[in-house]
Every structure is written in C-alpha cells, then in structure tokens.
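Trainee: The structure's right below; bear with me while I get my questions together.
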Amino acid sequence: MRRGLMLNDGDCGFCMRTAALVPRLGVDIDASTIQEVDLAALGVDADRAQVEMPYVHPDGRVDYGHRAFAAILATGPLPWRAVSRVMTSRAVDPLARRAYHWVAANREKLPGGTPSCALPPAAG
C-alpha cells in the first residue's frame, strides 16, 4: 500500500458521518468500510474492528481507536500532525483512550447515530 487505510463500520451512521468528515482535514489516506475489505488479509482483528476503528499503515502495521485516529491526523498538515503527537503523548494518551472508548460506547446516541450503531453487549 502506498497510503494508509482508514476503516470504519459501514453499518453505523455515526461512523459513516465521521468518516465523511475526515478527508476535509487534508489527510493523505484511503478509506473503506470493514464490510468491504478482507480484514484478515490486512491483518485487522475483525472483533476489535467492531469496537475500535482500525487504521492500516502503508507498512502493514495496524492501529485501533484513538491511536488510529492519531495516525490518520499524522498524515495531514501541521496543525493536525501536532494534535496527533499530543494525543499519543505520555500525558494525554490515557485520556484520549478513555474519550475514544466513551464515544465508541455511545455512538448510537451521537449525531448520525442509530440503534444499529450500538456496540454488541460485552461477553462475560
């Protein structure tokens, strides 16, 4: 791959709405949905991809959740590259992780969200 690949849940209105806004940031990525690609061939954990957005780097590494979003921002212009570095800094990383998980857990309640956006109940 020449460019990284952002993957989102094509069955989730909130995810699709968010994914449609990402190109406006001037990032240099490709995008698709988890339903349209061969996740295993890309090295993406299918179960995790249901809960956290995956980003496949050009070298094949995969980040999820807030780290995926930070990696996407790192491909953009200077203000977004700086935000990326802050998001993954030692001080902010735990907060960014919690914020991302809150958004993911509540995506059906956010703009564009529908009941089909809800995450499956946790096993256990």
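Chain labels follow the order of the structure tokens: the first chain is A, the next B, and so on; residue numbering restarts at 1 in every chain, and ligands are counted from 1 in their shown order.
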Any chance you could list, as a list in words, the residues in stretch 18-48 of chain A that come up strand (DSSP E) when DSSP is run on the backbone?
Mentor: Ile29, Asp30, Ala31, Ser32 and Thr33 of chain A
Trainee: Compile the contact shell of A:Arg2 as a PyMOL selection string: residues with an atom at most 12 Å away, counting only C-alpha atoms, same-chain residues fewer than 5 positions apart removed.
Mentor: chain A and resi 28-30+56-60
Trainee: Need the shell around stretch 80-84 of chain A: protein/DNA/RNA residues with any atom at most 12 Å away, counting only C-alpha atoms. Skip same-chain ones fewer than 6 positions apart. Format as a PDB file with C-alpha atoms, in the first residue's frame?
Mentor:
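Printed below is result-v6.pdb as written:
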ATOM      1  CA  VAL A  22     -12.054  13.091   7.771  1.00  0.00           C
ATOM      2  CA  ARG A  24     -11.786  17.639   4.938  1.00  0.00           C
ATOM      3  CA  LEU A  25      -8.836  17.622   7.358  1.00  0.00           C
ATOM      4  CA  GLY A  26      -6.409  17.349   4.442  1.00  0.00           C
ATOM      5  CA  VAL A  27      -5.096  13.943   5.484  1.00  0.00           C
ATOM      6  CA  ASP A  28      -3.368  11.639   2.984  1.00  0.00           C
ATOM      7  CA  HIS A  66      -7.599   6.829  19.331  1.00  0.00           C
ATOM      8  CA  ARG A  67      -4.186   5.697  18.076  1.00  0.00           C
ATOM      9  CA  ALA A  68      -5.731   5.013  14.658  1.00  0.00           C
ATOM     10  CA  PHE A  69      -7.218   8.484  14.600  1.00  0.00           C
ATOM     11  CA  ALA A  70      -3.878   9.971  15.696  1.00  0.00           C
ATOM     12  CA  ALA A  71      -2.100   8.073  12.902  1.00  0.00           C
ATOM     13  CA  ILE A  72      -4.604   9.455  10.394  1.00  0.00           C
ATOM     14  CA  LEU A  73      -4.069  13.015  11.668  1.00  0.00           C
ATOM     15  CA  ALA A  74      -0.292  12.496  11.393  1.00  0.00           C
ATOM     16  CA  VAL A  92      -2.601  12.667  27.108  1.00  0.00           C
ATOM     17  CA  ASP A  93      -2.705   9.090  25.735  1.00  0.00           C
ATOM     18  CA  ALA A  96      -7.546  10.144  24.638  1.00  0.00           C
TER      19      ALA A  96
END
Trainee: Quick one: pick out all alpha helix (DSSP H) residues within chain A from a backbone DSSP run and write them as a ChimeraX atom specification.
Mentor: /A:13-21,39-42,46-51,65-73,78-87,93-105
Trainee: Calculated over only C-alpha atoms, which of the candidates A:Ala104, A:Met1, A:Val51, A:Met6 has the smallest distance to A:Glu36?
Mentor: A:Met6
Trainee: Might you pull out every residue within 8 Å of A:Gly65, with only C-alpha atoms counted and same-chain residues fewer than 4 positions away left off, and present them as a PyMOL selection string?
Mentor: chain A and resi 52-54+69+97+100-101
Trainee: By how many Å are atom CA of A:Gln35 and atom CA of A:Thr75 apart?
Mentor: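 These two atoms are separated by 24.0 Å.
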Trainee: Could you jot down the atom CA of A:Pro23 to atom CA of A:Pro79 separation for me, Å, one decimal place?
Mentor: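 Rounded to one decimal, the two atoms are 14.7 Å apart.
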Trainee: Please determine, counting only C-alpha atoms, which residue among A:Asp45, A:Asp38, A:Asp63, A:Asp11 has the shortest atom-to-atom distance to A:Pro115.
Mentor: A:Asp11
Trainee: Neighbouring residues of A:Pro120 were defined as those with any atom within 12 Å, considering only C-alpha atoms; residues of the same chain fewer than 4 positions away were excluded. Please report them as a list in words.
Mentor: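 The filter keeps Asp47, Arg48, Gln50, Val51, Ala104, Ala105, Asn106, Arg107, Glu108, Pro115 and Ser116 of chain A.
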Trainee: Smallest atom-to-atom distance to A:Ser32: which of A:Cys12, A:Ala19, A:Val103, A:Ala118, using only C-alpha atoms?
Mentor: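 Looking only at the distances to A:Ser32, the closest residue turns out to be A:Ala19.
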Trainee: Rounded to one decimal place, report the atom CA of A:Val37-atom CA of A:Lys109 distance in Å.
Mentor: 26.8 Å
